[in-house]
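Listing of entry17.tsv, TSV, C-alpha atoms
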```
chain	number	residue	atom	x	y	z
L	696	MET	CA	15.46	28.40	12.56
L	697	THR	CA	13.38	26.12	10.37
L	698	ASN	CA	16.60	24.85	8.90
L	699	VAL	CA	17.93	23.78	12.28
L	700	LYS	CA	14.70	21.93	12.98
L	701	ASN	CA	14.92	20.07	9.69
L	702	THR	CA	18.46	18.96	10.32
L	703	SER	CA	17.65	17.67	13.78
L	704	SER	CA	14.72	15.63	12.50
L	705	GLU	CA	17.00	14.14	9.85
L	706	ILE	CA	19.42	13.08	12.54
L	707	ASN	CA	16.59	11.52	14.50
L	708	GLU	CA	15.14	9.57	11.64
L	709	ILE	CA	17.75	7.91	9.49
L	710	ILE	CA	16.96	5.90	6.38
L	711	LEU	CA	19.18	2.85	6.73
L	712	VAL	CA	20.72	2.75	3.25
L	713	PRO	CA	24.06	3.99	1.86
L	714	GLU	CA	24.51	7.70	1.27
L	715	ASP	CA	23.93	7.90	-2.51
L	716	THR	CA	20.89	5.62	-2.29
L	717	ARG	CA	19.48	7.81	0.49
L	718	GLU	CA	19.53	10.87	-1.75
L	719	LEU	CA	17.71	8.94	-4.48
L	720	VAL	CA	15.15	7.49	-2.11
L	721	LYS	CA	14.25	10.90	-0.71
L	722	SER	CA	13.28	12.22	-4.12
L	723	LEU	CA	11.72	9.04	-5.51
L	724	LEU	CA	9.88	7.50	-2.55
L	725	SER	CA	6.43	8.63	-3.66
L	726	LYS	CA	6.93	6.82	-6.97
L	727	VAL	CA	7.84	3.45	-5.48
L	728	ASP	CA	5.09	0.94	-6.21
L	729	ASN	CA	6.93	-2.21	-5.19
L	730	PHE	CA	5.59	-2.94	-1.73
L	731	SER	CA	8.30	-5.52	-1.05
L	732	LEU	CA	11.02	-2.92	-1.50
L	733	LYS	CA	9.19	-0.36	0.56
L	734	TYR	CA	8.40	-2.72	3.41
L	735	ASN	CA	11.70	-4.60	3.61
L	736	LYS	CA	14.31	-2.11	2.48
L	737	TYR	CA	12.94	1.29	3.46
L	738	ILE	CA	13.77	0.98	7.15
L	739	LEU	CA	13.94	4.06	9.38
L	740	THR	CA	15.30	4.54	12.87
L	741	ASP	CA	13.37	6.33	15.58
L	742	LYS	CA	14.72	9.00	17.92
L	743	GLU	CA	16.64	6.51	20.05
L	744	GLY	CA	18.26	4.96	17.02
L	745	LYS	CA	16.10	1.85	17.20
L	746	ILE	CA	14.31	0.39	14.20
L	747	ASN	CA	11.06	2.24	13.65
L	748	LYS	CA	8.61	-0.65	13.29
L	749	LYS	CA	5.54	1.55	13.28
L	750	SER	CA	6.54	3.46	10.17
L	751	ALA	CA	7.34	0.22	8.30
L	752	MET	CA	4.01	-1.34	9.29
L	753	SER	CA	1.97	1.64	8.23
L	754	SER	CA	3.82	2.31	4.98
L	755	SER	CA	1.23	2.96	2.33
L	756	PHE	CA	1.10	0.82	-0.76
L	757	ALA	CA	-0.68	0.65	-4.08
L	758	PHE	CA	-0.35	-2.45	-6.21
L	759	PRO	CA	-0.37	-1.85	-9.95
L	760	ALA	CA	-3.37	-3.94	-11.03
L	761	LYS	CA	-2.13	-4.27	-14.60
L	762	LEU	CA	1.09	-5.98	-13.47
L	763	LEU	CA	-0.83	-8.44	-11.35
L	764	ASN	CA	-3.23	-9.34	-14.17
L	765	ASN	CA	-0.29	-9.76	-16.54
L	766	LYS	CA	1.47	-12.02	-14.07
L	767	ILE	CA	-1.58	-14.23	-13.63
L	768	SER	CA	-2.25	-14.60	-17.34
L	769	GLU	CA	1.47	-15.30	-17.83
L	770	LEU	CA	1.20	-18.20	-15.34
L	771	GLU	CA	-1.93	-19.56	-17.01
L	772	GLN	CA	-0.22	-19.32	-20.38
L	773	ALA	CA	2.83	-21.15	-19.01
L	774	ALA	CA	0.63	-23.90	-17.57
L	775	LYS	CA	-1.13	-24.23	-20.91
L	776	SER	CA	2.03	-24.47	-22.99
L	777	LEU	CA	3.72	-26.89	-20.55
L	778	PHE	CA	0.82	-29.17	-19.75
L	779	GLY	CA	-1.83	-28.61	-22.44
L	780	THR	CA	-5.05	-29.99	-21.02
L	781	ASN	CA	-3.32	-31.71	-18.10
L	782	LYS	CA	-3.82	-28.74	-15.79
L	783	VAL	CA	-6.41	-27.48	-13.35
L	784	ILE	CA	-7.00	-23.87	-12.38
L	785	PHE	CA	-9.27	-22.89	-9.52
L	786	THR	CA	-9.89	-19.89	-7.31
L	787	LYS	CA	-10.43	-19.89	-3.56
L	788	SER	CA	-11.14	-16.97	-1.30
L	789	VAL	CA	-9.46	-16.24	2.01
L	790	VAL	CA	-11.93	-16.89	4.83
L	791	ASP	CA	-10.56	-14.45	7.35
L	792	LYS	CA	-6.88	-13.66	7.19
L	793	LEU	CA	-3.82	-15.28	5.65
L	794	ILE	CA	-0.20	-14.90	6.73
L	795	VAL	CA	2.57	-16.70	4.82
L	796	GLY	CA	6.17	-16.19	5.91
L	797	LEU	CA	5.46	-14.73	9.35
L	798	GLY	CA	8.64	-16.23	10.77
L	799	THR	CA	11.06	-15.20	8.01
L	800	GLU	CA	14.04	-13.37	9.51
L	801	SER	CA	13.47	-9.64	9.54
L	802	VAL	CA	14.60	-6.65	11.56
L	803	LEU	CA	10.90	-5.94	12.08
L	804	GLU	CA	10.64	-9.24	14.06
L	805	THR	CA	7.65	-10.35	11.97
L	806	SER	CA	7.55	-10.75	8.21
L	807	ILE	CA	5.34	-11.62	5.25
L	808	THR	CA	6.16	-13.37	1.98
L	809	LEU	CA	6.14	-10.83	-0.85
L	810	HIS	CA	7.15	-11.45	-4.44
L	811	HIS	CA	10.70	-10.18	-4.83
L	812	ILE	CA	10.15	-8.55	-8.20
L	813	TYR	CA	6.52	-7.44	-8.12
L	814	GLY	CA	6.07	-6.87	-4.40
L	815	PHE	CA	2.70	-8.67	-4.30
L	816	PRO	CA	1.80	-10.98	-1.43
L	817	TYR	CA	1.68	-14.54	-2.79
L	818	ILE	CA	1.87	-18.19	-1.74
L	819	PRO	CA	4.99	-19.92	-3.13
L	820	GLY	CA	4.35	-23.21	-4.91
L	821	GLN	CA	6.65	-25.19	-2.62
L	822	SER	CA	4.70	-23.87	0.34
L	823	ILE	CA	1.43	-25.18	-1.14
L	824	LYS	CA	2.96	-28.55	-2.03
L	825	GLY	CA	4.42	-28.88	1.46
L	826	ALA	CA	1.13	-28.09	3.14
L	827	VAL	CA	-0.78	-30.54	0.94
L	828	ARG	CA	1.79	-33.27	1.56
L	829	ASN	CA	1.58	-32.72	5.30
L	830	TYR	CA	-2.20	-32.77	5.18
L	831	VAL	CA	-2.25	-36.08	3.29
L	832	ILE	CA	0.23	-37.69	5.70
L	833	LYS	CA	-1.71	-36.45	8.70
L	834	PHE	CA	-5.23	-37.40	7.60
L	835	TYR	CA	-4.70	-40.48	5.45
L	836	PHE	CA	-1.58	-42.07	6.95
L	837	ASP	CA	-2.01	-41.38	10.70
L	838	SER	CA	0.74	-38.70	10.66
L	839	ASP	CA	3.27	-41.39	9.71
L	840	GLU	CA	5.44	-40.19	6.81
L	841	GLU	CA	7.21	-43.51	6.44
L	842	LYS	CA	3.91	-45.35	6.18
L	843	ALA	CA	2.89	-43.04	3.31
L	844	LEU	CA	6.21	-43.48	1.50
L	845	THR	CA	6.45	-47.26	1.88
L	846	GLN	CA	2.80	-48.26	1.41
L	847	SER	CA	1.31	-45.87	-1.11
L	848	LYS	CA	2.41	-45.76	-4.73
L	849	THR	CA	-0.08	-42.96	-5.30
L	850	PHE	CA	1.53	-40.84	-2.59
L	851	CYS	CA	4.98	-41.35	-4.15
L	852	LEU	CA	3.71	-40.58	-7.66
L	853	LEU	CA	2.11	-37.38	-6.46
L	854	PHE	CA	4.81	-35.94	-4.22
L	855	GLY	CA	7.94	-37.84	-5.26
L	856	CYS	CA	10.17	-40.05	-3.13
L	857	ASN	CA	13.67	-41.38	-2.64
L	858	LYS	CA	14.40	-45.01	-3.38
L	859	GLU	CA	14.82	-45.65	0.32
L	860	THR	CA	13.31	-43.85	3.30
L	861	GLU	CA	15.50	-42.37	6.04
L	862	SER	CA	15.40	-45.61	7.99
L	863	LYS	CA	16.51	-47.53	4.84
L	864	LYS	CA	13.12	-49.07	4.05
L	865	LYS	CA	12.15	-49.42	0.41
L	866	SER	CA	9.68	-46.83	-0.81
L	867	ALA	CA	6.52	-48.00	-2.60
L	868	LEU	CA	7.99	-47.17	-6.02
L	869	ASN	CA	11.43	-48.58	-5.19
L	870	GLU	CA	13.20	-45.86	-7.21
L	871	ASP	CA	14.12	-42.19	-6.92
L	872	TYR	CA	11.09	-40.43	-8.30
L	873	GLU	CA	10.25	-36.80	-8.96
L	874	GLY	CA	6.66	-35.94	-8.01
L	875	SER	CA	4.46	-35.87	-11.10
L	876	VAL	CA	2.30	-32.93	-10.11
L	877	VAL	CA	3.61	-29.36	-10.44
L	878	PHE	CA	2.29	-26.82	-7.93
L	879	PHE	CA	2.40	-23.24	-9.24
L	880	ASP	CA	2.78	-20.13	-7.09
L	881	ALA	CA	-0.66	-18.83	-6.11
L	882	PHE	CA	-1.28	-15.12	-6.69
L	883	PRO	CA	-4.14	-13.00	-5.43
L	884	THR	CA	-6.71	-12.27	-8.13
L	885	PHE	CA	-7.49	-8.89	-6.70
L	886	LEU	CA	-5.47	-6.31	-4.75
L	887	ASP	CA	-6.29	-2.90	-3.36
L	888	ASN	CA	-5.17	-1.03	-0.27
L	889	GLN	CA	-7.61	-3.02	1.90
L	890	VAL	CA	-5.98	-6.33	1.09
L	891	ILE	CA	-2.99	-5.95	3.39
L	892	SER	CA	-3.86	-4.90	6.90
L	893	ILE	CA	-2.10	-4.62	10.23
L	894	ASP	CA	-2.88	-7.28	12.81
L	895	ILE	CA	-1.68	-7.73	16.36
L	896	MET	CA	-0.60	-10.52	18.65
L	897	ASN	CA	-0.24	-9.66	22.28
L	898	PRO	CA	1.47	-12.24	24.48
L	899	HIS	CA	0.73	-11.53	28.14
L	900	TYR	CA	3.07	-13.99	29.84
L	901	GLY	CA	6.35	-13.53	28.00
L	902	GLU	CA	8.46	-13.79	31.15
L	903	TYR	CA	6.67	-16.99	32.13
L	904	TYR	CA	7.48	-18.56	28.77
L	905	GLN	CA	11.14	-17.73	29.35
L	906	ASP	CA	10.93	-19.51	32.74
L	907	LEU	CA	11.63	-16.28	34.61
L	908	GLU	CA	8.31	-15.75	36.42
L	909	PRO	CA	5.20	-17.71	37.38
L	910	PRO	CA	2.23	-16.99	35.06
L	911	ALA	CA	0.27	-14.18	36.65
L	912	ASP	CA	-1.79	-11.17	35.69
L	913	TYR	CA	0.74	-8.63	36.91
L	914	LEU	CA	2.98	-9.46	33.90
L	915	GLN	CA	2.86	-6.87	31.14
L	916	PRO	CA	1.45	-7.66	27.68
L	917	THR	CA	3.75	-7.14	24.69
L	918	PRO	CA	1.90	-5.94	21.60
L	919	ILE	CA	3.53	-7.14	18.36
L	920	ASN	CA	2.19	-6.00	14.98
L	921	PHE	CA	2.31	-8.00	11.81
L	922	LEU	CA	0.82	-7.79	8.32
L	923	VAL	CA	-1.92	-10.08	7.04
L	924	VAL	CA	-3.62	-10.63	3.69
L	925	THR	CA	-7.40	-10.41	3.78
L	926	ASN	CA	-10.46	-9.82	1.55
L	927	THR	CA	-9.08	-11.42	-1.58
L	928	ASP	CA	-9.09	-14.59	-3.68
L	929	PHE	CA	-6.10	-16.66	-4.75
L	930	LYS	CA	-5.70	-18.47	-8.04
L	931	PHE	CA	-4.24	-21.97	-7.75
L	932	ILE	CA	-2.75	-23.82	-10.70
L	933	LEU	CA	-1.68	-27.48	-10.81
L	934	GLY	CA	-0.30	-29.34	-13.79
L	935	THR	CA	1.19	-32.69	-14.73
L	936	TYR	CA	3.34	-33.86	-17.66
L	937	LYS	CA	1.70	-37.25	-18.01
L	938	ASN	CA	-1.75	-38.07	-16.83
L	939	ILE	CA	-1.53	-41.17	-14.67
L	940	GLU	CA	-4.59	-43.09	-13.59
L	941	VAL	CA	-4.51	-44.04	-9.92
L	942	GLU	CA	-6.71	-45.74	-7.40
L	943	TRP	CA	-7.65	-43.99	-4.20
L	944	ASN	CA	-10.18	-45.30	-1.65
L	945	ASP	CA	-11.53	-47.76	-4.26
L	946	ASN	CA	-12.10	-44.98	-6.80
L	947	LYS	CA	-10.25	-44.74	-10.07
L	948	LEU	CA	-9.34	-41.19	-10.99
L	949	SER	CA	-6.51	-39.22	-12.56
L	950	LEU	CA	-3.55	-38.20	-10.42
L	951	LEU	CA	-4.20	-34.57	-11.27
L	952	GLU	CA	-7.82	-34.78	-10.12
L	953	LEU	CA	-6.67	-36.37	-6.88
L	954	ALA	CA	-4.10	-33.61	-6.38
L	955	ARG	CA	-6.81	-31.02	-6.93
L	956	GLN	CA	-9.04	-32.70	-4.32
L	957	PHE	CA	-6.19	-32.84	-1.81
L	958	THR	CA	-5.28	-29.21	-2.41
L	959	GLU	CA	-8.87	-28.05	-1.93
L	960	GLU	CA	-9.20	-30.14	1.22
L	961	THR	CA	-5.95	-28.69	2.53
L	962	LEU	CA	-7.04	-25.13	1.87
L	963	THR	CA	-10.48	-25.55	3.42
L	964	LYS	CA	-9.77	-27.96	6.29
L	965	TYR	CA	-6.10	-27.69	7.20
L	966	GLY	CA	-5.12	-24.11	6.37
L	967	ILE	CA	-1.91	-22.75	4.93
L	968	GLY	CA	0.73	-20.37	6.28
L	969	ALA	CA	1.24	-19.39	9.92
L	970	LYS	CA	-1.17	-19.44	12.84
L	971	THR	CA	-3.60	-21.95	11.35
L	972	SER	CA	-4.39	-23.23	14.84
L	973	VAL	CA	-5.99	-19.88	15.68
L	974	GLY	CA	-7.95	-19.63	12.45
L	975	TYR	CA	-5.60	-17.97	9.99
L	976	GLY	CA	-4.94	-19.33	6.52
L	977	TYR	CA	-8.28	-21.00	5.72
L	978	PHE	CA	-10.00	-20.74	2.34
L	979	LYS	CA	-13.51	-21.32	1.03
H	368	MET	CA	45.75	-12.43	-1.66
H	369	SER	CA	46.25	-14.47	1.39
H	370	SER	CA	47.01	-18.14	1.03
H	371	LYS	CA	44.77	-18.98	3.96
H	372	LEU	CA	41.46	-20.78	3.55
H	373	ASP	CA	38.89	-18.30	2.22
H	374	ASN	CA	41.28	-15.39	2.85
H	375	GLY	CA	41.49	-16.09	6.57
H	376	ARG	CA	37.75	-15.84	7.19
H	377	ALA	CA	37.65	-19.47	8.26
H	378	SER	CA	40.39	-19.23	10.85
H	379	PHE	CA	39.05	-16.02	12.39
H	380	ALA	CA	35.50	-17.42	12.47
H	381	PHE	CA	36.86	-20.50	14.23
H	382	GLN	CA	38.50	-18.33	16.90
H	383	CYS	CA	35.25	-16.40	17.41
H	384	ALA	CA	33.18	-19.54	17.84
H	385	ASP	CA	35.86	-21.11	20.05
H	386	THR	CA	36.10	-18.15	22.43
H	387	THR	CA	32.33	-17.84	22.65
H	388	LYS	CA	31.55	-21.47	23.42
H	389	GLN	CA	32.03	-21.23	27.19
H	390	LEU	CA	30.15	-17.94	27.60
H	391	SER	CA	26.65	-17.84	29.10
H	392	TYR	CA	25.11	-16.60	25.86
H	393	ALA	CA	26.82	-19.11	23.54
H	394	LYS	CA	23.49	-20.67	22.58
H	395	GLU	CA	22.07	-17.33	21.47
H	396	TYR	CA	25.29	-16.52	19.62
H	397	LYS	CA	24.97	-19.74	17.66
H	398	GLN	CA	21.32	-19.15	16.89
H	399	TYR	CA	21.81	-15.57	15.70
H	400	SER	CA	24.87	-16.31	13.59
H	401	LYS	CA	22.52	-18.43	11.49
H	402	LYS	CA	19.81	-15.77	11.31
H	403	LEU	CA	21.96	-12.82	10.31
H	404	PRO	CA	22.81	-13.63	6.66
H	405	MET	CA	19.10	-13.95	5.86
H	406	MET	CA	18.33	-10.74	7.68
H	407	ILE	CA	21.03	-8.91	5.74
H	408	LYS	CA	19.54	-10.16	2.49
H	409	THR	CA	16.01	-9.14	3.46
H	410	ASN	CA	16.55	-5.77	5.09
H	411	GLY	CA	20.09	-4.69	4.23
H	412	LEU	CA	23.28	-4.39	6.25
H	413	ALA	CA	22.62	-1.06	7.98
H	414	ALA	CA	19.15	-2.12	9.15
H	415	THR	CA	20.60	-5.38	10.47
H	416	PHE	CA	23.33	-3.56	12.41
H	417	ALA	CA	20.74	-1.13	13.82
H	418	PHE	CA	18.62	-4.11	14.87
H	419	MET	CA	21.59	-5.76	16.61
H	420	LEU	CA	22.52	-2.52	18.38
H	421	SER	CA	19.00	-1.93	19.65
H	422	LYS	CA	19.02	-5.14	21.69
H	423	ASP	CA	19.28	-4.73	25.47
H	424	GLN	CA	22.83	-5.50	26.60
H	425	ASN	CA	21.67	-6.65	30.04
H	426	LYS	CA	20.02	-9.71	28.53
H	427	ASN	CA	21.63	-12.72	26.89
H	428	GLU	CA	19.99	-11.76	23.61
H	429	GLY	CA	21.67	-8.36	23.59
H	430	LYS	CA	25.01	-9.74	24.77
H	431	ALA	CA	25.05	-12.26	21.93
H	432	TYR	CA	24.14	-9.67	19.30
H	433	HIS	CA	26.79	-7.26	20.58
H	434	LYS	CA	29.46	-9.96	20.61
H	435	LEU	CA	28.51	-10.86	17.04
H	436	GLY	CA	28.71	-7.20	16.09
H	437	ASP	CA	32.14	-6.81	17.67
H	438	ASP	CA	33.37	-9.95	15.92
H	439	ILE	CA	32.05	-8.81	12.53
H	440	LEU	CA	33.56	-5.37	12.98
H	441	TYR	CA	36.93	-6.77	14.03
H	442	TRP	CA	36.94	-8.94	10.92
H	443	LEU	CA	35.99	-6.04	8.63
H	444	LYS	CA	38.85	-4.01	10.12
H	445	THR	CA	41.42	-6.74	9.58
H	446	CYS	CA	40.50	-8.43	6.33
H	447	ASN	CA	42.30	-7.11	3.30
H	448	THR	CA	39.24	-6.32	1.18
H	449	THR	CA	37.65	-3.91	3.65
H	450	ASN	CA	40.31	-2.80	6.13
H	451	ASP	CA	41.02	0.49	4.33
H	452	ILE	CA	37.36	1.53	4.65
H	453	PHE	CA	37.25	1.58	8.43
H	454	GLN	CA	40.90	2.29	9.24
H	455	ASN	CA	40.40	0.98	12.77
H	456	LYS	CA	38.24	3.94	13.73
H	457	SER	CA	34.81	2.39	14.16
H	458	THR	CA	33.32	0.88	17.26
H	459	PHE	CA	30.22	-1.28	17.04
H	460	LYS	CA	28.22	1.60	18.53
H	461	ASP	CA	29.10	3.91	15.62
H	462	LEU	CA	28.92	1.21	13.00
H	463	VAL	CA	25.43	2.03	11.71
H	464	GLN	CA	26.33	5.67	11.24
H	465	ASP	CA	29.63	4.76	9.57
H	466	VAL	CA	28.06	2.24	7.22
H	467	ILE	CA	25.30	4.53	5.94
H	468	ASN	CA	27.83	7.24	5.19
H	469	LEU	CA	29.52	5.00	2.64
H	470	ASP	CA	28.74	4.98	-1.06
H	471	SER	CA	26.90	2.02	-2.55
H	472	PHE	CA	30.03	0.36	-3.88
H	473	LYS	CA	31.76	0.18	-0.51
H	474	TYR	CA	28.49	-0.66	1.22
H	475	ASN	CA	28.04	-3.63	-1.12
H	476	LEU	CA	31.62	-4.73	-0.56
H	477	ILE	CA	31.13	-4.72	3.20
H	478	THR	CA	27.77	-6.48	2.90
H	479	GLN	CA	29.33	-9.27	0.87
H	480	GLU	CA	32.32	-9.59	3.18
H	481	THR	CA	30.03	-9.76	6.23
H	482	ILE	CA	27.90	-12.49	4.65
H	483	ASN	CA	30.99	-14.49	3.61
H	484	PHE	CA	32.36	-14.26	7.14
H	485	LEU	CA	29.03	-15.28	8.70
H	486	LEU	CA	28.82	-18.34	6.46
H	487	TRP	CA	32.02	-19.63	8.08
H	488	LEU	CA	30.95	-18.52	11.53
H	489	ARG	CA	27.67	-20.44	11.36
H	490	ARG	CA	29.53	-23.62	10.38
H	491	PHE	CA	31.84	-23.37	13.37
H	492	THR	CA	29.16	-22.36	15.88
H	493	GLU	CA	27.19	-25.39	14.67
H	494	GLY	CA	30.14	-27.64	15.38
H	495	LEU	CA	31.59	-26.09	18.52
H	496	ILE	CA	28.62	-24.85	20.53
H	497	ASN	CA	26.21	-27.36	22.04
H	498	ASP	CA	22.56	-26.56	22.66
```

Now, as a test, write the supplied structure out as structure tokens.
Amino acid sequence: MTNVKNTSSEINEIILVPEDTRELVKSLLSKVDNFSLKYNKYILTDKEGKINKKSAMSSSFAFPAKLLNNKISELEQAAKSLFGTNKVIFTKSVVDKLIVGLGTESVLETSITLHHIYGFPYIPGQSIKGAVRNYVIKFYFDSDEEKALTQSKTFCLLFGCNKETESKKKSALNEDYEGSVVFFDAFPTFLDNQVISIDIMNPHYGEYYQDLEPPADYLQPTPINFLVVTNTDFKFILGTYKNIEVEWNDNKLSLLELARQFTEETLTKYGIGAKTSVGYGYFK
Amino acid sequence: MSSKLDNGRASFAFQCADTTKQLSYAKEYKQYSKKLPMMIKTNGLAATFAFMLSKDQNKNEGKAYHKLGDDILYWLKTCNTTNDIFQNKSTFKDLVQDVINLDSFKYNLITQETINFLLWLRRFTEGLIND
């Protein structure tokens, strides 16, 4: 009888991978320490054949600390050999919660950016550069990208520019230019099983947003879970090949120093990742 | 090897986009045809099919996903790299079960074929279906 029971539970909960992989996964699952693989690829169905989001959300994880430390020192070493002294390294801690990559396509409806090889949560360099660039445009150039590109040489030196803007105006440098500052991926300095936790958003007026119903309290809330990073610090690394002196607000300083200031301002005042308007993604 | 553009993927994808454009859920179809390749890369083919199947067929969202599923399946049954795997047996409803009973080699083949097909489909939905 126990046999029959086992078979029926197998039918109910299917691991959504090909047959030979399924056999391997069954015997090796407890040894998997890549959280990215476990979270994104180990997808089960529930009894009705739907994706079992609960099991994916609550999948346990343990990050190998040695790998993380190696990765961080590898990055610092790379920065040193590429840029010598023209680099800055600083650490900032997450104020409340951080969620990068919430909107990435996933069968779980919500997602989180995890390093493909190591499985750690991290902030990709291009994501940091993009946030900083947006922050600078918003707070120093009245949210006008074209104004930044056409009027500020410093802005072009820092982030790069095309010779002409989209509306065919000449950029401040009047040439195609690759931004001089390199933004590295930011990795957490510390990871344990408290660092990733399950959070919830709970829209109450879903049918109203779809223009189906007036907004009213008889509509049902829809709880949606997602993962967040919390209780950790991130290490940020910036570097530049040639140290250019620039002028900003009547101060003379190096481009790298300016980039560091902008990045710190962005992290503390503007936030990074998703849901910054409700307090996620701030650092101190 | 067929002499058609991209082994006939392009012409079938064009037909799919063209027949969908006047349907009520054309907008969703367009939107999801762009999302699917990424989803397949993140979560795998079987999980993506299970996700598509789980959508409620009474809503536009579900209708679009099911139409996409039918189109993908029809293509997998006809194209000459994968037609011997399904032998015209599968329906979209059984597709998840059928796909996870394959070995990794065939599973990979089907994954790649699906992505290649979707890359054409997203181009044509972009051009043929208005928002």

Counting all atoms listed in the file, collect the residues of chain H whose closest atom lies at most 10 Å from chain L, and write them out as a PDB file with C-alpha atoms, in the coordinates of the input.
```
ATOM      1  CA  LYS H 402      19.810 -15.770  11.310  1.00  0.00           C
ATOM      2  CA  LEU H 403      21.960 -12.820  10.310  1.00  0.00           C
ATOM      3  CA  PRO H 404      22.810 -13.630   6.660  1.00  0.00           C
ATOM      4  CA  MET H 405      19.100 -13.950   5.860  1.00  0.00           C
ATOM      5  CA  MET H 406      18.330 -10.740   7.680  1.00  0.00           C
ATOM      6  CA  ILE H 407      21.030  -8.910   5.740  1.00  0.00           C
ATOM      7  CA  LYS H 408      19.540 -10.160   2.490  1.00  0.00           C
ATOM      8  CA  THR H 409      16.010  -9.140   3.460  1.00  0.00           C
ATOM      9  CA  ASN H 410      16.550  -5.770   5.090  1.00  0.00           C
ATOM     10  CA  GLY H 411      20.090  -4.690   4.230  1.00  0.00           C
ATOM     11  CA  LEU H 412      23.280  -4.390   6.250  1.00  0.00           C
ATOM     12  CA  ALA H 413      22.620  -1.060   7.980  1.00  0.00           C
ATOM     13  CA  ALA H 414      19.150  -2.120   9.150  1.00  0.00           C
ATOM     14  CA  THR H 415      20.600  -5.380  10.470  1.00  0.00           C
ATOM     15  CA  PHE H 416      23.330  -3.560  12.410  1.00  0.00           C
ATOM     16  CA  ALA H 417      20.740  -1.130  13.820  1.00  0.00           C
ATOM     17  CA  PHE H 418      18.620  -4.110  14.870  1.00  0.00           C
ATOM     18  CA  MET H 419      21.590  -5.760  16.610  1.00  0.00           C
ATOM     19  CA  LEU H 420      22.520  -2.520  18.380  1.00  0.00           C
ATOM     20  CA  SER H 421      19.000  -1.930  19.650  1.00  0.00           C
ATOM     21  CA  LYS H 422      19.020  -5.140  21.690  1.00  0.00           C
ATOM     22  CA  VAL H 463      25.430   2.030  11.710  1.00  0.00           C
ATOM     23  CA  GLN H 464      26.330   5.670  11.240  1.00  0.00           C
ATOM     24  CA  ASP H 465      29.630   4.760   9.570  1.00  0.00           C
ATOM     25  CA  VAL H 466      28.060   2.240   7.220  1.00  0.00           C
ATOM     26  CA  ILE H 467      25.300   4.530   5.940  1.00  0.00           C
ATOM     27  CA  ASN H 468      27.830   7.240   5.190  1.00  0.00           C
ATOM     28  CA  LEU H 469      29.520   5.000   2.640  1.00  0.00           C
ATOM     29  CA  ASP H 470      28.740   4.980  -1.060  1.00  0.00           C
ATOM     30  CA  SER H 471      26.900   2.020  -2.550  1.00  0.00           C
ATOM     31  CA  PHE H 472      30.030   0.360  -3.880  1.00  0.00           C
ATOM     32  CA  LYS H 473      31.760   0.180  -0.510  1.00  0.00           C
ATOM     33  CA  TYR H 474      28.490  -0.660   1.220  1.00  0.00           C
ATOM     34  CA  ASN H 475      28.040  -3.630  -1.120  1.00  0.00           C
TER      35      ASN H 475
END
```

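Coordinates place CA of Thr849 in chain L at a distance of 11.0 Å from CA of Leu948 in chain L.
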
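By only C-alpha atoms, and with residues fewer than 6 positions from Trp943 in chain L along its chain excluded, the set lying at most 10 Å from it is Ser847, Thr849, Phe850, Ser949, Leu950 and Leu953 of chain L.
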
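For the pair CA of Thr961 in chain L and CA of Val831 in chain L, the interatomic distance is 8.3 Å.
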
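CA of Ala773 in chain L is found 28.4 Å from CA of Lys947 in chain L.
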
Show me, as a ChimeraX atom specification, the residues that have an atom within 7 Å of Thr808 in chain L when counting all atoms listed in the file, minus same-chain residues fewer than 5 positions from it.
/L:795-796,816-817

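The smallest atom-to-atom distance between Ala380 in chain H and any of H:Glu395, H:Asp423, H:Asp451, H:Glu493, using only C-alpha atoms, is found for H:Glu493.
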
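Closest approach to Gln889 in chain L among L:Ser755, L:Ser788, L:Asn938, L:Ser750 is made by L:Ser755 (distances from all atoms listed in the file).
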
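Closest approach to Thr387 in chain H among H:Thr448, H:Leu435, H:Leu486, H:Gln424 is made by H:Leu435 (distances from all atoms listed in the file).
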
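Those residues that approach Thr449 in chain H to within 7 Å, counting all atoms listed in the file, are H:Leu443, H:Lys444, H:Ile477; same-chain residues fewer than 5 positions away are not listed.
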
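Nearest residue to Thr971 in chain L among L:Leu793, L:Val890, L:Tyr835, L:Val923 is L:Leu793, counting all atoms listed in the file.
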
Show me, as AutoDock Vina command-line options, the centre and edge lengths in Å to one decimal of the axis-aligned box that covers every listed atom of range 755-761 of chain L with 3 Å on each side.
```
--center_x -1.1 --center_y -0.7 --center_z -6.1 --size_x 10.6 --size_y 13.2 --size_z 22.9
```

Measuring atom to atom with all atoms listed in the file, identify which of H:Asn450, H:Asn425, H:Gln382, H:Ser457 is nearest to Leu488 in chain H.
H:Gln382

Take the point (35.2, -6.7, 9.9) as written in the file and pick out every residue within 12 Å of it, counting only C-alpha atoms; give the list as a ChimeraX atom specification.
/H:375-376,379-380,435-459,462,466,476-485

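The smallest atom-to-atom distance between Leu390 in chain H and any of H:Ser378, H:Phe491, H:Lys460, H:Asn497, using all atoms listed in the file, is found for H:Asn497.
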